[in-house]
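Right, one structure below, let's go through it.
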Amino acid sequence: LDEPTSAMDPESARLVRDEIARLKSSQRTIVICSHNLTEVEALADKIAIIYRGRILLQGTLEELKKNVLGLPEYEVKLTDAWDSSRLELPEGVEILSRTATSFKVRVDHPQESNPQILKSLSATSASVMAFQEEPRTLEQVYLKAMMEAKGHENVQ
């Protein structure tokens with residue numbers, strides 16, 4: 001399918017996306033060529049980014065995010081000012097930035113480290129309002145891949 005929902009009204013586009021999802025769930029392979037990256041994120045099991053007829057990257061969305069954008073980052077927001085330098089962080093966790101009421105970390109293994117971070121915050125009576133992963137999109141992956149591809153192209 002080439003740009004399957006291009007120029008469709010939202011209701012029709014939804015019907016097409018729902019049908020693609022239904023067909024996909026019945027053990028069919030569907031190839032979609034699209035610049036609508038939000039739609040690709042929602043529908044694709046595997047993604048390939050192609051530039052000038054060459055596959056630059058391919059994999060699942062999560063694989064592409066990790067390989068292109070790096071390890072996931074999480075922001076912790078607190079209700080009150082708190083000194084995050086007191087926090088004992090597990091191995092593989094790096095603080096990227098701090099303010100009086102928040103800090104951001106990069107995490108090697110979120111499944112193991114994030115519960116430990118929350119446990120440490122609780123033990124020090126930090127008033128956590130939110131602990132969430134920073135959103136990363138296929139658009140960010142695409143833009144970085146294109147920038148790198150075009151950068152290498154200029155060097156050759």
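Ordering of the structure tokens sets the chain letters (A, B, ...); residue numbers start at 1 within each chain; ligands are numbered from 1 in the order shown.
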
Please, which residues in range 42-87 of chain A fall within 10 Å of range 20-34 of chain A when counting only C-alpha atoms, and what is the closest atom pair and distance in Å to one decimal for each, ordered by chain then residue number, as a Markdown table?
| residue | atom | partner | partner_atom | distance |
| --- | --- | --- | --- | --- |
| A:Ala42 | CA | A:Ala21 | CA | 9.1 |
| A:Leu43 | CA | A:Ala21 | CA | 6.6 |
| A:Ala44 | CA | A:Ile32 | CA | 8.3 |
| A:Asp45 | CA | A:Lys24 | CA | 9.4 |
| A:Lys46 | CA | A:Val31 | CA | 9.7 |
| A:Ile47 | CA | A:Ile32 | CA | 9.4 |
| A:Ala48 | CA | A:Cys33 | CA | 9.5 |
| A:Ile49 | CA | A:Cys33 | CA | 9.9 |
| A:Ile50 | CA | A:Cys33 | CA | 10.0 |

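Shell of Asp83 in chain A at 12 Å, with only C-alpha atoms counted and residues fewer than 6 places along the chain excluded, is Arg98, Thr99, Ala100, Thr101, Ser102, Phe103, Leu121, Thr124, Ser125, Ala126 and Ser127 of chain A.
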
Residue contacts of Glu39 in chain A (10 Å, only C-alpha atoms) excluding same-chain residues fewer than 6 positions away, as an mmCIF file with C-alpha atoms, in the first residue's frame:
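File out18.cif, as written:
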data_model
loop_
_atom_site.group_PDB
_atom_site.id
_atom_site.type_symbol
_atom_site.label_atom_id
_atom_site.label_comp_id
_atom_site.auth_asym_id
_atom_site.auth_seq_id
_atom_site.Cartn_x
_atom_site.Cartn_y
_atom_site.Cartn_z
ATOM 1 C CA GLU A 3 0.317 6.185 1.279
ATOM 2 C CA PRO A 4 -2.957 4.343 2.042
ATOM 3 C CA THR A 5 -4.680 7.205 3.863
ATOM 4 C CA ALA A 13 -8.541 7.158 7.217
ATOM 5 C CA ARG A 17 -6.216 1.886 9.438
ATOM 6 C CA ILE A 32 3.085 0.115 3.594
#

Gap from CA of Ala145 in chain A to CA of Arg54 in chain A - Å, one decimal: 12.4 Å

Residues near Glu139 in chain A, cut-off 10 Å, only C-alpha atoms, skip fewer than 6 positions along chain, as a PyMOL selection string: chain A and resi 35-38+41+145

Selection from above, all heavy atoms, as a PDB file, in the first residue's frame, can you write it?
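selection-v5.pdb was written with the following content:
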ATOM      1  N   HIS A  35       4.860   8.426   4.328  1.00  0.00           N
ATOM      2  CA  HIS A  35       5.549   9.500   5.037  1.00  0.00           C
ATOM      3  C   HIS A  35       4.783   9.880   6.300  1.00  0.00           C
ATOM      4  O   HIS A  35       5.230  10.733   7.061  1.00  0.00           O
ATOM      5  CB  HIS A  35       5.692  10.733   4.129  1.00  0.00           C
ATOM      6  CG  HIS A  35       6.646  10.517   3.014  1.00  0.00           C
ATOM      7  ND1 HIS A  35       6.255  10.042   1.783  1.00  0.00           N
ATOM      8  CD2 HIS A  35       7.987  10.673   2.950  1.00  0.00           C
ATOM      9  CE1 HIS A  35       7.312   9.934   1.002  1.00  0.00           C
ATOM     10  NE2 HIS A  35       8.373  10.314   1.685  1.00  0.00           N
ATOM     11  N   ASN A  36       3.634   9.282   6.508  1.00  0.00           N
ATOM     12  CA  ASN A  36       2.831   9.543   7.703  1.00  0.00           C
ATOM     13  C   ASN A  36       3.393   8.684   8.840  1.00  0.00           C
ATOM     14  O   ASN A  36       2.961   7.558   9.070  1.00  0.00           O
ATOM     15  CB  ASN A  36       1.355   9.226   7.440  1.00  0.00           C
ATOM     16  CG  ASN A  36       0.467   9.552   8.608  1.00  0.00           C
ATOM     17  OD1 ASN A  36       0.927   9.682   9.742  1.00  0.00           O
ATOM     18  ND2 ASN A  36      -0.818   9.660   8.353  1.00  0.00           N
ATOM     19  N   LEU A  37       4.381   9.223   9.534  1.00  0.00           N
ATOM     20  CA  LEU A  37       5.127   8.443  10.517  1.00  0.00           C
ATOM     21  C   LEU A  37       4.290   8.069  11.734  1.00  0.00           C
ATOM     22  O   LEU A  37       4.513   7.017  12.334  1.00  0.00           O
ATOM     23  CB  LEU A  37       6.396   9.192  10.922  1.00  0.00           C
ATOM     24  CG  LEU A  37       7.352   9.483   9.750  1.00  0.00           C
ATOM     25  CD1 LEU A  37       8.594  10.184  10.238  1.00  0.00           C
ATOM     26  CD2 LEU A  37       7.688   8.223   8.982  1.00  0.00           C
ATOM     27  N   THR A  38       3.323   8.888  12.090  1.00  0.00           N
ATOM     28  CA  THR A  38       2.429   8.546  13.198  1.00  0.00           C
ATOM     29  C   THR A  38       1.632   7.296  12.848  1.00  0.00           C
ATOM     30  O   THR A  38       1.460   6.401  13.672  1.00  0.00           O
ATOM     31  CB  THR A  38       1.482   9.722  13.504  1.00  0.00           C
ATOM     32  OG1 THR A  38       2.275  10.873  13.779  1.00  0.00           O
ATOM     33  CG2 THR A  38       0.602   9.416  14.694  1.00  0.00           C
ATOM     34  N   GLU A  41       3.951   4.289  12.995  1.00  0.00           N
ATOM     35  CA  GLU A  41       4.151   3.879  14.399  1.00  0.00           C
ATOM     36  C   GLU A  41       2.994   3.008  14.887  1.00  0.00           C
ATOM     37  O   GLU A  41       3.203   2.024  15.590  1.00  0.00           O
ATOM     38  CB  GLU A  41       4.256   5.102  15.318  1.00  0.00           C
ATOM     39  CG  GLU A  41       5.596   5.747  15.328  1.00  0.00           C
ATOM     40  CD  GLU A  41       5.682   6.881  16.319  1.00  0.00           C
ATOM     41  OE1 GLU A  41       4.927   7.863  16.162  1.00  0.00           O
ATOM     42  OE2 GLU A  41       6.492   6.785  17.254  1.00  0.00           O
ATOM     43  N   ALA A 145      18.320   9.937  11.406  1.00  0.00           N
ATOM     44  CA  ALA A 145      18.877   9.052  10.383  1.00  0.00           C
ATOM     45  C   ALA A 145      19.144   9.819   9.091  1.00  0.00           C
ATOM     46  O   ALA A 145      20.181   9.625   8.438  1.00  0.00           O
ATOM     47  CB  ALA A 145      17.932   7.872  10.131  1.00  0.00           C
TER      48      ALA A 145
END

Fewer than 2 positions away in the same chain doesn't count, so skip those; otherwise give me all residues within 9 Å of range 64-68 of chain A, counting only C-alpha atoms, as a compact mmCIF listing (two decimals) with all heavy atoms, in the first residue's frame.
# COMPACT_ATOMS: atom_id res chain seq x y z
N ILE A 47 9.91 -1.73 10.65
CA ILE A 47 10.02 -0.48 9.92
C ILE A 47 11.36 -0.45 9.20
O ILE A 47 12.38 -0.85 9.78
CB ILE A 47 9.92 0.72 10.89
CG1 ILE A 47 8.57 0.71 11.61
CG2 ILE A 47 10.17 2.04 10.17
CD1 ILE A 47 8.51 1.63 12.81
N LEU A 57 18.07 1.88 7.83
CA LEU A 57 17.78 1.24 9.11
C LEU A 57 16.57 0.35 8.95
O LEU A 57 15.68 0.65 8.16
CB LEU A 57 17.43 2.30 10.16
CG LEU A 57 18.41 3.40 10.45
CD1 LEU A 57 17.73 4.51 11.23
CD2 LEU A 57 19.57 2.85 11.25
N GLN A 58 16.52 -0.68 9.78
CA GLN A 58 15.30 -1.48 9.83
C GLN A 58 15.24 -2.17 11.17
O GLN A 58 16.26 -2.44 11.81
CB GLN A 58 15.22 -2.47 8.68
CG GLN A 58 16.29 -3.52 8.63
CD GLN A 58 16.11 -4.42 7.42
OE1 GLN A 58 15.00 -4.66 7.00
NE2 GLN A 58 17.21 -4.92 6.89
N GLY A 59 14.02 -2.40 11.62
CA GLY A 59 13.78 -3.07 12.89
C GLY A 59 12.44 -2.66 13.46
O GLY A 59 11.66 -1.97 12.81
N THR A 60 12.19 -3.09 14.68
CA THR A 60 10.97 -2.66 15.36
C THR A 60 11.13 -1.20 15.77
O THR A 60 12.26 -0.67 15.80
CB THR A 60 10.70 -3.51 16.61
OG1 THR A 60 11.73 -3.23 17.58
CG2 THR A 60 10.65 -4.99 16.30
N LEU A 61 10.04 -0.57 16.11
CA LEU A 61 10.10 0.82 16.56
C LEU A 61 11.02 0.96 17.76
O LEU A 61 11.86 1.86 17.82
CB LEU A 61 8.69 1.34 16.87
CG LEU A 61 8.60 2.77 17.38
CD1 LEU A 61 9.20 3.76 16.38
CD2 LEU A 61 7.16 3.13 17.69
N GLU A 62 10.89 0.05 18.72
CA GLU A 62 11.73 0.12 19.93
C GLU A 62 13.21 -0.07 19.60
O GLU A 62 14.07 0.61 20.16
CB GLU A 62 11.26 -0.87 20.98
CG GLU A 62 9.92 -0.50 21.61
CD GLU A 62 9.86 0.94 22.12
OE1 GLU A 62 10.78 1.38 22.84
OE2 GLU A 62 8.88 1.64 21.80
N GLY A 70 19.42 6.26 21.33
CA GLY A 70 20.12 5.88 22.55
C GLY A 70 19.18 5.33 23.60
O GLY A 70 18.01 5.04 23.34
N LEU A 71 19.70 5.22 24.80
CA LEU A 71 18.94 4.65 25.91
C LEU A 71 17.77 5.56 26.30
O LEU A 71 17.84 6.78 26.10
CB LEU A 71 19.85 4.45 27.12
CG LEU A 71 20.97 3.43 26.92
CD1 LEU A 71 21.95 3.49 28.09
CD2 LEU A 71 20.40 2.04 26.77
N PRO A 72 16.73 4.98 26.85
CA PRO A 72 15.57 5.80 27.25
C PRO A 72 15.91 6.77 28.37
O PRO A 72 16.79 6.51 29.20
CB PRO A 72 14.53 4.76 27.71
CG PRO A 72 15.31 3.54 28.02
CD PRO A 72 16.53 3.56 27.17
N ARG A 136 9.66 9.50 22.72
CA ARG A 136 10.56 9.44 21.56
C ARG A 136 9.76 8.86 20.41
O ARG A 136 9.07 7.87 20.57
CB ARG A 136 11.78 8.58 21.88
CG ARG A 136 12.52 9.13 23.08
CD ARG A 136 13.75 8.42 23.49
NE ARG A 136 13.71 6.98 23.47
CZ ARG A 136 14.81 6.23 23.42
NH1 ARG A 136 16.00 6.78 23.40
NH2 ARG A 136 14.73 4.92 23.42
N THR A 137 9.86 9.49 19.26
CA THR A 137 8.99 9.14 18.16
C THR A 137 9.78 8.64 16.95
O THR A 137 10.99 8.87 16.84
CB THR A 137 8.16 10.36 17.71
OG1 THR A 137 9.07 11.35 17.21
CG2 THR A 137 7.33 10.92 18.86
N LEU A 138 9.05 8.02 16.05
CA LEU A 138 9.65 7.60 14.78
C LEU A 138 10.12 8.82 14.01
O LEU A 138 11.14 8.76 13.30
CB LEU A 138 8.63 6.79 13.97
CG LEU A 138 9.11 6.26 12.62
CD1 LEU A 138 10.37 5.43 12.75
CD2 LEU A 138 8.00 5.47 11.95
N GLN A 140 11.55 11.47 15.23
CA GLN A 140 12.88 11.79 15.73
C GLN A 140 13.92 10.83 15.15
O GLN A 140 15.02 11.25 14.77
CB GLN A 140 12.91 11.73 17.26
CG GLN A 140 12.12 12.82 17.94
CD GLN A 140 11.98 12.56 19.42
OE1 GLN A 140 11.48 11.53 19.84
NE2 GLN A 140 12.43 13.51 20.22
N VAL A 141 13.58 9.55 15.09
CA VAL A 141 14.47 8.54 14.50
C VAL A 141 14.75 8.89 13.04
O VAL A 141 15.90 8.93 12.60
CB VAL A 141 13.87 7.12 14.61
CG1 VAL A 141 14.68 6.12 13.80
CG2 VAL A 141 13.76 6.69 16.07
N TYR A 142 13.68 9.17 12.30
CA TYR A 142 13.80 9.47 10.87
C TYR A 142 14.68 10.71 10.65
O TYR A 142 15.59 10.69 9.81
CB TYR A 142 12.40 9.69 10.27
CG TYR A 142 12.43 10.09 8.83
CD1 TYR A 142 12.49 9.14 7.83
CD2 TYR A 142 12.39 11.44 8.46
CE1 TYR A 142 12.53 9.52 6.48
CE2 TYR A 142 12.43 11.82 7.13
CZ TYR A 142 12.49 10.86 6.15
OH TYR A 142 12.54 11.23 4.84
N LYS A 144 16.95 12.10 12.56
CA LYS A 144 18.35 11.86 12.90
C LYS A 144 19.02 10.97 11.86
O LYS A 144 20.15 11.23 11.45
CB LYS A 144 18.47 11.24 14.30
CG LYS A 144 19.91 11.14 14.75
CD LYS A 144 20.05 10.81 16.20
CE LYS A 144 21.53 10.80 16.58
NZ LYS A 144 21.72 10.36 17.94
N ALA A 145 18.32 9.94 11.41
CA ALA A 145 18.88 9.05 10.38
C ALA A 145 19.14 9.82 9.09
O ALA A 145 20.18 9.63 8.44
CB ALA A 145 17.93 7.87 10.13

DSSP helix (DSSP H, G or I) selection over range 4-131 of chain A, as an MDAnalysis selection string: chainID A and resid 10:25 37:43 61:69 84:86 110:123

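Taking CA of Leu56 in chain A as the reference point, CA of Glu133 in chain A is found at 26.5 Å.
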
Per-residue DSSP, range 89-152 of chain A, filtered to strand (DSSP E or B), as an NGL selection string: :A and (93-98 or 102-107 or 128-133)

Emit the selected residues as a PDB file, in the first residue's frame, including C-alpha atoms.
ATOM      1  CA  VAL A  93      21.592   5.214  35.682  1.00  0.00           C
ATOM      2  CA  GLU A  94      22.980   8.626  34.803  1.00  0.00           C
ATOM      3  CA  ILE A  95      21.532  11.977  35.872  1.00  0.00           C
ATOM      4  CA  LEU A  96      21.299  14.252  32.837  1.00  0.00           C
ATOM      5  CA  SER A  97      19.839  17.380  34.406  1.00  0.00           C
ATOM      6  CA  ARG A  98      18.433  18.689  37.685  1.00  0.00           C
ATOM      7  CA  SER A 102      12.738  17.677  38.904  1.00  0.00           C
ATOM      8  CA  PHE A 103      15.535  15.667  37.424  1.00  0.00           C
ATOM      9  CA  LYS A 104      16.107  13.648  34.271  1.00  0.00           C
ATOM     10  CA  VAL A 105      17.934  10.316  34.059  1.00  0.00           C
ATOM     11  CA  ARG A 106      19.161   8.001  31.307  1.00  0.00           C
ATOM     12  CA  VAL A 107      18.609   4.352  32.199  1.00  0.00           C
ATOM     13  CA  VAL A 128       7.109  12.264  43.594  1.00  0.00           C
ATOM     14  CA  MET A 129       4.389  13.758  41.412  1.00  0.00           C
ATOM     15  CA  ALA A 130       5.380  11.993  38.158  1.00  0.00           C
ATOM     16  CA  PHE A 131       7.936   9.516  36.861  1.00  0.00           C
ATOM     17  CA  GLN A 132       7.638   9.159  33.113  1.00  0.00           C
ATOM     18  CA  GLU A 133       9.617   8.227  30.070  1.00  0.00           C
TER      19      GLU A 133
END

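Pairwise distance (CA of Gly151 in chain A, CA of Tyr74 in chain A) equals 29.4 Å.
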